[in-house]
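A.B. asks: Mind having a look at this structure? Questions to follow.
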Amino acid sequence: PLSSKDVPAEAQPLVESLNGLLGRLDHALAAQRAFVADAAHELRTPLTALQLQLQLTERAGDETERKAALAELRQGLQRAIHLVQQLLTLARQEPDGATRQPRESVVLAELARSVMAEHAPMADAGQIDLGATTLDDTAVIQADPAALRTLLGNLIDNAIRYTPQQGRVDVAIRVREDRAWLEVSDTGPGIAPTERERVLDRFYRHPGQEQPGSGLGLAIVKAIAERHGADLLLEASESGGLRVRVGFPPAAAPHGS
């Protein structure tokens with residue numbers, strides 16, 4: 001920061017503005033350095049695992065061992081690809097990320113139907129009942145459609161992953177209190193109130209979690225919600241699982257572009 005000592009009174013506002021700008025720049029650079037360091041750390045583990053799985057494949061003594069090792073290698077590669085995709089998605093949602101797409105009128109109910117159809121095979125494979133409780137077609141907002149698809153896809157994907165077999169994942173679109181609300185509820189184990197803020201942080205996975213993941217899904221949801229000026233709430237569902245609610249200003253002017 002620039003020293004304000006002996007600065008003429010008429011120049012003080014300029015010095016304060018420059019110091020404010022330098023402070024914001026320092027914060028942005030620190031956040032970028034932290035993101036790169038975290039990403040490098042998170043990538044190191046799956047890449048090391050891939051190397052070890054490749055060595056096991058090379059050392060396989062017979063066809064059965066080779067097939068088992070190749071299956072492990074394939075799963076490890078899929079996890080690494082998913083992590084890289086999540087990192088790229090999160091980077092695009094950052095304030096200094098890729099060029100923003102123009103906002104369009106988005107009918108949330110139509111978006112929900114499309115994204116649910118995409119995730120139906122995953123739900124069926126896990127014996128999860130994926131459906132909608134309410135789809136209000138009057139819930140229309142100004143938004144980046146691709147970003148919203150990513151947001152809802154991450155919420156449904158998380159809900160399916162953490163809901164046990166024979167469980168249920170419900171999607172709802174409703175208009176309430178001058179907000180268009182997108183909701184995803186599940187019958188999984190839920191998240192303790194003390195953990196709900198932390199799970200929105202990058203790479204954080206709450207203790208005792210057995211499901212594989214990158215710890216980036218909810219961080220991406222948070223970044224997209226913030227870009228759209230939306231409220232993001234994590235609550236307990238009626239079944240004791242997790243309910244995530246995202247409230248958008250209906251037909252709002254572009255926010256944060």
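Letters A, B, ... go to the chains of the structure tokens in the order shown; residues in each chain start at 1; ligands are counted from 1 in the same order.
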Neighbours of A:Asp170 within 10 Å (only C-alpha atoms; same-chain residues fewer than 2 positions away dropped), as number ranges by chain?

C.D. replies: A: 116, 129-134, 156, 159, 168, 172, 183-187, 243

A.B. asks: Based on the backbone DSSP call, show me all residues of stretch 18-237 of chain A assigned strand (DSSP E or B), as a ChimeraX atom specification.

C.D. replies: /A:104-107,129-135,140-143,168-176,179-186,231-236

A.B. asks: Between A:Leu218, A:Leu50, A:Pro250, A:Thr138, which is the closest to A:Arg74 once you count only C-alpha atoms?

C.D. replies: A:Leu50

A.B. asks: Can you measure atom CA of A:Leu56 to atom CA of A:Leu73 for me? One decimal in Å is fine.

C.D. replies: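 For atom CA of A:Leu56 relative to atom CA of A:Leu73, the distance reads 9.1 Å.
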
A.B. asks: Take atom CA of A:Leu182 and atom CA of A:Pro121 and report the distance between them in Å, one decimal.

C.D. replies: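 That distance, rounded to one decimal, is 21.7 Å.
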
A.B. asks: Give me the residues near stretch 11-27 of chain A as a PyMOL selection string, where near means some atom within 6 Å (using only C-alpha atoms) and where sequence neighbours in that chain fewer than 3 positions away do not count.

C.D. replies: chain A and resi 1+8+30

A.B. asks: Write the residues you've just listed into a file as a tab-separated table (two decimals), in the first residue's frame, and include C-alpha atoms for each of them.

C.D. replies:
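Output contents, as saved in part-v9.tsv:
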```
chain	number	residue	atom	x	y	z
A	1	PRO	CA	0.00	0.00	0.00
A	8	PRO	CA	-2.07	16.60	0.31
A	30	ALA	CA	-3.45	-15.11	-2.99
```

A.B. asks: Which residues in stretch 169-246 of chain A does DSSP call alpha helix (DSSP H)? List them as a ChimeraX atom specification.

C.D. replies: /A:217-227
